[in-house]
$ cat my_file_19.tsv   # TSV, C-alpha atoms
chain	number	residue	atom	x	y	z
A	1	MET	CA	116.53	140.10	51.05
A	2	ILE	CA	113.04	139.02	52.05
A	3	ALA	CA	113.84	135.39	51.20
A	4	THR	CA	117.02	135.55	53.27
A	5	ALA	CA	115.19	136.98	56.27
A	6	GLY	CA	112.52	134.30	55.99
A	7	HIS	CA	115.17	131.59	55.80
A	8	CYS	CA	116.83	132.87	58.99
A	9	GLU	CA	113.53	132.87	60.81
A	10	SER	CA	112.65	129.33	59.74
A	11	SER	CA	116.13	128.13	60.72
A	12	ALA	CA	115.71	129.19	64.35
A	13	PRO	CA	115.33	126.21	66.70
A	14	PRO	CA	111.74	125.63	67.84
A	15	PRO	CA	110.91	127.18	71.24
A	16	PHE	CA	110.62	123.73	72.85
A	17	LEU	CA	114.22	122.87	71.96
A	18	ARG	CA	115.50	126.23	73.18
A	19	LEU	CA	113.61	125.80	76.43
A	20	ALA	CA	114.57	122.18	77.09
A	21	ALA	CA	118.20	122.47	75.97
A	22	HIS	CA	119.36	124.31	79.10
A	23	PRO	CA	121.25	121.72	81.21
A	24	LEU	CA	119.43	122.42	84.47
A	25	ARG	CA	116.01	122.58	82.82
A	26	TRP	CA	116.75	119.29	81.08
A	27	ARG	CA	117.69	117.75	84.43
A	28	LEU	CA	114.45	119.01	85.97
A	29	LEU	CA	112.43	117.62	83.07
A	30	SER	CA	114.22	114.27	83.40
A	31	GLU	CA	113.45	114.02	87.11
A	32	LEU	CA	109.81	115.07	86.65
A	33	ALA	CA	109.41	112.52	83.85
A	34	ARG	CA	109.89	109.88	86.54
A	35	SER	CA	107.78	111.30	89.37
A	36	ASP	CA	106.00	114.41	90.64
A	37	LEU	CA	108.34	116.19	93.05
A	38	ARG	CA	108.59	119.14	95.42
A	39	VAL	CA	111.08	121.98	95.02
A	40	GLY	CA	113.31	120.76	97.83
A	41	GLU	CA	113.50	117.30	96.27
A	42	LEU	CA	114.37	118.78	92.88
A	43	CYS	CA	117.08	120.95	94.48
A	44	ALA	CA	118.65	117.88	96.09
A	45	LEU	CA	118.50	115.81	92.91
A	46	ALA	CA	119.84	118.61	90.70
A	47	GLU	CA	122.34	119.75	93.35
A	48	SER	CA	121.30	123.38	92.78
A	49	ARG	CA	120.10	126.16	95.05
A	50	GLN	CA	116.38	126.76	95.43
A	51	SER	CA	116.33	130.22	93.81
A	52	LEU	CA	117.87	128.80	90.63
A	53	VAL	CA	115.60	125.75	90.52
A	54	SER	CA	112.52	127.93	91.13
A	55	TYR	CA	113.51	130.27	88.31
A	56	HIS	CA	113.86	127.44	85.80
A	57	LEU	CA	110.66	125.79	87.01
A	58	ARG	CA	108.89	129.07	86.29
A	59	ARG	CA	110.33	129.07	82.77
A	60	LEU	CA	109.10	125.51	82.24
A	61	ARG	CA	105.66	126.45	83.56
A	62	GLU	CA	105.49	129.45	81.23
A	63	GLY	CA	106.35	127.09	78.37
A	64	GLY	CA	103.44	124.83	79.29
A	65	LEU	CA	105.65	121.84	80.07
A	66	VAL	CA	105.28	121.76	83.84
A	67	SER	CA	102.31	122.35	86.14
A	68	MET	CA	102.05	122.74	89.91
A	69	ARG	CA	99.58	121.62	92.56
A	70	ARG	CA	99.38	122.37	96.25
A	71	SER	CA	100.09	119.31	98.38
A	72	ALA	CA	96.99	117.78	99.95
A	73	ALA	CA	99.19	116.64	102.84
A	74	ASP	CA	100.78	120.01	103.57
A	75	GLY	CA	99.41	123.13	101.93
A	76	ARG	CA	102.79	124.83	102.30
A	77	ASP	CA	104.27	122.35	99.83
A	78	THR	CA	103.81	122.28	96.07
A	79	TYR	CA	104.21	119.34	93.74
A	80	TYR	CA	105.48	119.88	90.19
A	81	ALA	CA	104.40	117.58	87.38
A	82	LEU	CA	105.59	117.18	83.79
A	83	ASP	CA	103.03	117.18	80.97
A	84	LEU	CA	104.46	114.24	79.00
A	85	ALA	CA	101.74	114.40	76.35
A	86	ARG	CA	102.56	118.05	75.55
A	87	CYS	CA	106.29	117.25	75.52
A	88	ALA	CA	105.64	114.43	73.06
A	89	ASP	CA	103.65	116.74	70.76
A	90	LEU	CA	106.25	119.51	70.87
A	91	LEU	CA	109.14	117.12	70.33
A	92	SER	CA	107.37	115.58	67.35
A	93	SER	CA	106.71	119.01	65.87
A	94	ALA	CA	110.36	119.96	66.40
A	95	GLY	CA	111.54	116.91	64.47
A	96	ALA	CA	109.09	117.47	61.64
A	97	SER	CA	110.15	121.13	61.37
A	98	LEU	CA	113.70	119.98	60.61
A	99	HIS	CA	112.67	117.36	58.04
A	100	PRO	CA	109.31	115.69	57.26
A	101	ALA	CA	110.95	112.27	57.52
A	102	LEU	CA	111.60	112.94	61.21
A	103	ALA	CA	107.90	113.01	62.02
A	104	PRO	CA	107.26	110.01	64.28
A	105	ALA	CA	105.65	106.90	62.87
A	106	PRO	CA	102.64	105.50	64.74
A	107	ARG	CA	103.82	103.39	67.66
A	108	SER	CA	103.05	99.70	67.33
A	109	ARG	CA	102.28	97.71	70.44
A	110	VAL	CA	102.98	94.06	71.04
A	111	LYS	CA	99.73	92.19	70.46
A	112	PRO	CA	98.27	90.80	73.69
A	113	ALA	CA	98.02	87.32	72.19
A	114	ALA	CA	101.77	87.31	71.56
A	115	ARG	CA	102.60	88.12	75.16
A	116	ARG	CA	103.31	85.83	78.04
A	117	PRO	CA	101.34	86.24	81.28
A	118	ALA	CA	101.96	89.57	83.02
A	119	SER	CA	105.68	90.16	83.51
A	120	ALA	CA	105.58	93.39	85.56
A	121	ARG	CA	103.70	94.19	88.76
A	122	VAL	CA	102.43	97.65	89.74
A	123	LEU	CA	100.77	98.71	92.98
A	124	PHE	CA	98.73	101.93	93.06
A	125	LEU	CA	98.14	103.59	96.43
A	126	CYS	CA	95.82	106.35	97.66
A	127	THR	CA	94.17	107.07	101.00
A	128	GLY	CA	90.77	105.42	100.63
A	129	ASN	CA	91.33	102.98	97.74
A	130	SER	CA	87.85	104.09	96.75
A	131	ALA	CA	88.54	106.12	93.61
A	132	ARG	CA	91.97	107.09	92.25
A	133	SER	CA	93.87	103.87	92.88
A	134	GLN	CA	90.93	101.69	91.82
A	135	ILE	CA	90.61	103.63	88.56
A	136	ALA	CA	94.37	103.38	88.01
A	137	GLU	CA	94.43	99.63	88.62
A	138	ALA	CA	91.65	98.98	86.10
A	139	LEU	CA	93.10	101.32	83.47
A	140	CYS	CA	96.56	99.77	83.82
A	141	GLU	CA	95.15	96.30	83.24
A	142	ARG	CA	93.28	97.52	80.15
A	143	LEU	CA	95.99	99.72	78.62
A	144	SER	CA	98.77	97.17	79.10
A	145	GLY	CA	96.78	94.43	77.40
A	146	GLY	CA	97.93	91.94	80.03
A	147	LEU	CA	101.55	93.09	80.09
A	148	VAL	CA	101.20	94.48	83.63
A	149	SER	CA	99.62	92.92	86.70
A	150	ALA	CA	98.10	95.82	88.64
A	151	ALA	CA	96.82	96.05	92.21
A	152	SER	CA	95.57	98.88	94.41
A	153	ALA	CA	95.22	99.65	98.09
A	154	GLY	CA	94.80	102.49	100.58
A	155	SER	CA	96.04	103.66	103.96
A	156	ASN	CA	92.45	104.13	105.21
A	157	PRO	CA	90.14	102.07	102.97
A	158	LYS	CA	86.63	103.30	102.22
A	159	PRO	CA	83.84	101.77	100.11
A	160	LEU	CA	84.26	101.98	96.35
A	161	HIS	CA	82.91	105.33	95.15
A	162	PRO	CA	79.98	104.97	92.69
A	163	ASN	CA	81.46	107.63	90.40
A	164	ALA	CA	84.62	105.53	89.99
A	165	VAL	CA	82.35	102.74	88.76
A	166	ARG	CA	80.51	105.13	86.43
A	167	VAL	CA	83.53	106.68	84.71
A	168	LEU	CA	85.11	103.29	84.06
A	169	ARG	CA	81.85	101.78	82.84
A	170	LYS	CA	81.85	104.48	80.14
A	171	ARG	CA	85.22	103.05	79.09
A	172	GLY	CA	83.89	99.51	78.99
A	173	ILE	CA	85.39	98.45	82.33
A	174	ASP	CA	83.30	97.06	85.20
A	175	ILE	CA	84.80	97.35	88.70
A	176	ALA	CA	81.52	97.24	90.63
A	177	ALA	CA	82.39	93.94	92.32
A	178	ARG	CA	85.84	95.01	93.51
A	179	ARG	CA	86.57	95.70	97.18
A	180	SER	CA	88.74	98.30	98.87
A	181	LYS	CA	91.92	96.96	100.49
A	182	HIS	CA	94.41	98.15	103.10
A	183	MET	CA	97.98	98.46	101.89
A	184	SER	CA	99.12	96.17	104.71
A	185	GLU	CA	97.71	93.30	102.63
A	186	PHE	CA	100.56	93.81	100.15
A	187	THR	CA	103.57	94.66	102.31
A	188	ALA	CA	105.03	91.14	101.94
A	189	GLU	CA	104.58	91.09	98.14
A	190	ARG	CA	107.08	92.13	95.49
A	191	PHE	CA	106.27	94.83	92.94
A	192	ASP	CA	108.28	96.42	90.16
A	193	TYR	CA	106.60	99.80	90.70
A	194	VAL	CA	104.76	101.31	93.66
A	195	ILE	CA	102.89	104.46	92.60
A	196	SER	CA	101.34	106.79	95.17
A	197	LEU	CA	98.48	108.88	93.82
A	198	CYS	CA	97.81	110.80	97.03
A	199	ASP	CA	100.12	113.26	98.78
A	200	ARG	CA	99.04	111.95	102.18
A	201	VAL	CA	99.65	108.28	101.42
A	202	ARG	CA	103.11	109.11	100.08
A	203	GLU	CA	104.07	110.21	103.59
A	204	VAL	CA	103.04	106.86	105.12
A	205	CYS	CA	103.96	104.49	102.31
A	206	PRO	CA	105.55	101.35	103.82
A	207	GLU	CA	108.65	99.62	102.51
A	208	PHE	CA	108.14	96.78	100.07
A	209	PRO	CA	110.54	93.89	99.48
A	210	GLY	CA	112.74	93.85	96.41
A	211	GLY	CA	113.28	97.60	96.16
A	212	PRO	CA	110.50	98.57	93.73
A	213	ALA	CA	110.67	101.87	91.84
A	214	LEU	CA	108.77	104.44	93.91
A	215	ILE	CA	106.79	106.95	91.85
A	216	HIS	CA	104.47	109.73	92.98
A	217	TRP	CA	101.64	111.25	90.97
A	218	SER	CA	100.05	114.15	92.86
A	219	ILE	CA	96.40	113.77	91.85
A	220	PRO	CA	93.60	115.52	93.80
A	221	ASP	CA	90.82	113.40	95.29
A	222	PRO	CA	87.85	113.84	92.91
A	223	ALA	CA	85.43	112.94	95.69
A	224	ARG	CA	86.39	116.19	97.44
A	225	GLU	CA	85.36	118.35	94.48
A	226	PRO	CA	82.92	121.00	95.75
A	227	GLY	CA	79.66	121.69	93.99
A	228	SER	CA	76.85	119.62	92.55
A	229	ASP	CA	76.80	115.92	91.73
A	230	GLU	CA	77.55	116.89	88.12
A	231	ASP	CA	80.64	118.80	89.27
A	232	THR	CA	81.87	115.79	91.23
A	233	LEU	CA	81.29	113.44	88.32
A	234	ALA	CA	83.19	115.85	86.05
A	235	ALA	CA	86.10	115.74	88.53
A	236	PHE	CA	86.10	111.94	88.30
A	237	GLU	CA	86.18	112.20	84.50
A	238	ARG	CA	89.20	114.51	84.69
A	239	THR	CA	90.92	112.13	87.09
A	240	ALA	CA	90.29	109.15	84.83
A	241	ALA	CA	91.57	111.09	81.80
A	242	GLU	CA	94.75	112.15	83.61
A	243	LEU	CA	95.40	108.64	84.86
A	244	CYS	CA	94.78	107.24	81.39
A	245	THR	CA	97.47	109.53	79.95
A	246	ARG	CA	99.98	108.87	82.72
A	247	ILE	CA	99.47	105.10	82.67
A	248	ASP	CA	99.79	104.95	78.89
A	249	PHE	CA	103.25	106.56	79.19
A	250	LEU	CA	104.11	104.19	82.05
A	251	VAL	CA	103.20	101.17	79.94
A	252	GLN	CA	105.28	102.53	77.06
A	253	ALA	CA	108.24	102.75	79.44
A	254	ILE	CA	107.66	99.21	80.73
A	255	GLU	CA	107.22	97.54	77.33
A	256	PRO	CA	110.88	97.74	76.19
A	257	THR	CA	112.13	96.26	79.47
A	258	ILE	CA	109.73	93.33	79.13
A	259	THR	CA	110.49	92.60	75.49
A	260	THR	CA	114.23	92.86	76.16
A	261	SER	CA	114.01	90.35	79.02
A	262	GLU	CA	111.96	88.00	76.86
A	263	VAL	CA	114.58	88.09	74.10
A	264	THR	CA	117.33	87.45	76.67
A	265	GLU	CA	115.48	84.43	78.08
A	266	ARG	CA	114.85	82.96	74.63
A	267	GLY	CA	118.52	83.47	73.72
$ encode --input "my_file_19.tsv" --output "structure tokens"
Amino acid sequence: MIATAGHCESSAPPPFLRLAAHPLRWRLLSELARSDLRVGELCALAESRQSLVSYHLRRLREGGLVSMRRSAADGRDTYYALDLARCADLLSSAGASLHPALAPAPRSRVKPAARRPASARVLFLCTGNSARSQIAEALCERLSGGLVSAASAGSNPKPLHPNAVRVLRKRGIDIAARRSKHMSEFTAERFDYVISLCDRVREVCPEFPGGPALIHWSIPDPAREPGSDEDTLAAFERTAAELCTRIDFLVQAIEPTITTSEVTERG
């Protein structure tokens, strides 16, 4: 009897699968995997009423899959974001709980030497182009190993923040000589992805030719962190860590499209 009860317990689907399997929650997760969004935007995309969407967002937050941040552009708005790293861990654990062979193998990247020059272009935007977008540009160049050509700009450029230089220098990246740029410098250029990192700049983002994918990551300005210099530097470290995680997933999403196009061209 004890063995039977234990078998029933171990046969129950992992909590992550039970949580994500609901059709509306899966739709919300799918939309948030692409971009941070507000409730009204999620309601329109999921074609569901706000009370229902809010209920399922709360369930996803309680499960640790989704977080929320007040909009820096309008404090009455809230942006929801998906924790892709936690989803990856929980999904891996769910597979391994069914059979050890379903545990994921380490992901292999295409070696930089085997790649052509950058085949995808990404533009990162924030208000000042002094911290978040500069950090994102440098990290994207590094993490993609040359696969992605990254640029950054702002709606109201300010001098490069010294803490942005410091946190990247710890990662072996030197951006001290880079300048801040206005986004008008790039409005005639074509990009595959335009990623806004600031709630305010999302509201004034211009149109770019070619119909790039528009993505929003609601990331607070680390320069506005209250407290001591150490507190501000810690905020920059958190920002760099979050951008590193998000950009790594972005590069993983871009890689298959690049390798597929290369195979098509060679064929």
$ residues_around --input "my_file_19.tsv" --residues "Glu141 of chain A" --least-positions-apart "2" --cutoff "10 Å" --atoms "all atoms listed in the file" --output "list in words"
Ala118, Val122, Ala136, Glu137, Ala138, Leu139, Leu143, Ser144, Gly145, Gly146, Leu147, Val148, Ser149, Ala150, Ala151, Ile247 and Val251 of chain A
$ write_last_selection --input "my_file_19.tsv" --atoms "C-alpha atoms" --output "compact mmCIF listing (two decimals), keeping the file's coordinate frame"
# COMPACT_ATOMS: atom_id res chain seq x y z
CA ALA A 118 101.96 89.57 83.02
CA VAL A 122 102.43 97.65 89.74
CA ALA A 136 94.37 103.38 88.01
CA GLU A 137 94.43 99.63 88.62
CA ALA A 138 91.65 98.98 86.10
CA LEU A 139 93.10 101.32 83.47
CA LEU A 143 95.99 99.72 78.62
CA SER A 144 98.77 97.17 79.10
CA GLY A 145 96.78 94.43 77.40
CA GLY A 146 97.93 91.94 80.03
CA LEU A 147 101.55 93.09 80.09
CA VAL A 148 101.20 94.48 83.63
CA SER A 149 99.62 92.92 86.70
CA ALA A 150 98.10 95.82 88.64
CA ALA A 151 96.82 96.05 92.21
CA ILE A 247 99.47 105.10 82.67
CA VAL A 251 103.20 101.17 79.94
$ closest_atom_pairs --input "my_file_19.tsv" --of "segment 17-99 of chain A" --to "segment 217-237 of chain A" --cutoff "12 Å" --atoms "only C-alpha atoms" --output "CSV"
residue,atom,partner,partner_atom,distance
A:Leu32,CA,A:Trp217,CA,10.0
A:Ala33,CA,A:Trp217,CA,10.6
A:Arg34,CA,A:Trp217,CA,9.5
A:Ser35,CA,A:Trp217,CA,6.3
A:Asp36,CA,A:Trp217,CA,5.4
A:Leu37,CA,A:Ser218,CA,8.5
A:Arg38,CA,A:Ser218,CA,10.2
A:Ser67,CA,A:Ser218,CA,10.8
A:Met68,CA,A:Ser218,CA,9.3
A:Arg69,CA,A:Ser218,CA,7.5
A:Arg70,CA,A:Ser218,CA,8.9
A:Ser71,CA,A:Ser218,CA,7.6
A:Ala72,CA,A:Pro220,CA,7.4
A:Ala73,CA,A:Ser218,CA,10.3
A:Asp77,CA,A:Ser218,CA,11.6
A:Thr78,CA,A:Ser218,CA,9.5
A:Tyr79,CA,A:Ser218,CA,6.7
A:Tyr80,CA,A:Ser218,CA,8.3
A:Ala81,CA,A:Trp217,CA,7.8
A:Leu82,CA,A:Trp217,CA,10.1
A:Asp83,CA,A:Trp217,CA,11.7
$ atom_distance --input "my_file_19.tsv" --atom1 "atom CA of Val165 of chain A" --atom2 "atom CA of Thr245 of chain A"
18.8 Å
$ closest_residue --input "my_file_19.tsv" --among "A:Ala21, A:Cys198, A:Cys140, A:Leu123" --to "Phe249 of chain A" --atoms "all atoms listed in the file"
A:Cys140
$ atom_distance --input "my_file_19.tsv" --atom1 "atom CA of Ser119 of chain A" --atom2 "atom CA of Ala153 of chain A"
20.3 Å
$ build_atoms --input "my_file_19.tsv" --residues "segment 181-198 of chain A" --atoms "N, CA, C and O atoms" --output "JSON list (two decimals), keeping the file's coordinate frame"
[["chain", "number", "residue", "atom", "x", "y", "z"],
["A", 181, "LYS", "N", 90.95, 97.75, 99.75],
["A", 181, "LYS", "CA", 91.92, 96.96, 100.49],
["A", 181, "LYS", "C", 92.91, 97.87, 101.22],
["A", 181, "LYS", "O", 93.24, 98.94, 100.72],
["A", 182, "HIS", "N", 93.38, 97.42, 102.38],
["A", 182, "HIS", "CA", 94.41, 98.15, 103.10],
["A", 182, "HIS", "C", 95.77, 97.77, 102.55],
["A", 182, "HIS", "O", 96.01, 96.61, 102.19],
["A", 183, "MET", "N", 96.68, 98.74, 102.50],
["A", 183, "MET", "CA", 97.98, 98.46, 101.89],
["A", 183, "MET", "C", 98.80, 97.44, 102.68],
["A", 183, "MET", "O", 99.74, 96.85, 102.14],
["A", 184, "SER", "N", 98.41, 97.19, 103.94],
["A", 184, "SER", "CA", 99.12, 96.17, 104.71],
["A", 184, "SER", "C", 98.95, 94.77, 104.11],
["A", 184, "SER", "O", 99.76, 93.88, 104.36],
["A", 185, "GLU", "N", 97.91, 94.59, 103.29],
["A", 185, "GLU", "CA", 97.71, 93.30, 102.63],
["A", 185, "GLU", "C", 98.82, 92.98, 101.64],
["A", 185, "GLU", "O", 99.01, 91.82, 101.26],
["A", 186, "PHE", "N", 99.58, 94.00, 101.21],
["A", 186, "PHE", "CA", 100.56, 93.81, 100.15],
["A", 186, "PHE", "C", 102.00, 94.01, 100.60],
["A", 186, "PHE", "O", 102.91, 93.91, 99.78],
["A", 187, "THR", "N", 102.22, 94.29, 101.89],
["A", 187, "THR", "CA", 103.57, 94.66, 102.31],
["A", 187, "THR", "C", 104.58, 93.51, 102.21],
["A", 187, "THR", "O", 105.79, 93.76, 102.26],
["A", 188, "ALA", "N", 104.11, 92.28, 102.09],
["A", 188, "ALA", "CA", 105.03, 91.14, 101.94],
["A", 188, "ALA", "C", 105.21, 90.76, 100.47],
["A", 188, "ALA", "O", 105.99, 89.85, 100.17],
["A", 189, "GLU", "N", 104.51, 91.44, 99.56],
["A", 189, "GLU", "CA", 104.58, 91.09, 98.14],
["A", 189, "GLU", "C", 105.61, 91.95, 97.41],
["A", 189, "GLU", "O", 105.93, 93.06, 97.84],
["A", 190, "ARG", "N", 106.09, 91.42, 96.30],
["A", 190, "ARG", "CA", 107.08, 92.13, 95.49],
["A", 190, "ARG", "C", 106.40, 92.81, 94.30],
["A", 190, "ARG", "O", 105.57, 92.19, 93.63],
["A", 191, "PHE", "N", 106.77, 94.07, 94.08],
["A", 191, "PHE", "CA", 106.27, 94.83, 92.94],
["A", 191, "PHE", "C", 107.45, 95.46, 92.22],
["A", 191, "PHE", "O", 108.49, 95.74, 92.82],
["A", 192, "ASP", "N", 107.26, 95.70, 90.94],
["A", 192, "ASP", "CA", 108.28, 96.42, 90.16],
["A", 192, "ASP", "C", 108.14, 97.92, 90.35],
["A", 192, "ASP", "O", 109.13, 98.65, 90.34],
["A", 193, "TYR", "N", 106.89, 98.38, 90.53],
["A", 193, "TYR", "CA", 106.60, 99.80, 90.70],
["A", 193, "TYR", "C", 105.55, 99.96, 91.79],
["A", 193, "TYR", "O", 104.56, 99.23, 91.81],
["A", 194, "VAL", "N", 105.78, 100.90, 92.68],
["A", 194, "VAL", "CA", 104.76, 101.31, 93.66],
["A", 194, "VAL", "C", 104.48, 102.79, 93.40],
["A", 194, "VAL", "O", 105.38, 103.63, 93.52],
["A", 195, "ILE", "N", 103.24, 103.10, 93.03],
["A", 195, "ILE", "CA", 102.89, 104.46, 92.60],
["A", 195, "ILE", "C", 101.87, 105.04, 93.57],
["A", 195, "ILE", "O", 100.75, 104.54, 93.68],
["A", 196, "SER", "N", 102.26, 106.09, 94.27],
["A", 196, "SER", "CA", 101.34, 106.79, 95.17],
["A", 196, "SER", "C", 100.62, 107.88, 94.39],
["A", 196, "SER", "O", 101.23, 108.64, 93.64],
["A", 197, "LEU", "N", 99.31, 107.92, 94.55],
["A", 197, "LEU", "CA", 98.48, 108.88, 93.82],
["A", 197, "LEU", "C", 97.96, 109.98, 94.74],
["A", 197, "LEU", "O", 97.27, 110.89, 94.28],
["A", 198, "CYS", "N", 98.32, 109.89, 96.01],
["A", 198, "CYS", "CA", 97.81, 110.80, 97.03],
["A", 198, "CYS", "C", 98.98, 111.34, 97.83],
["A", 198, "CYS", "O", 99.87, 110.58, 98.24]]
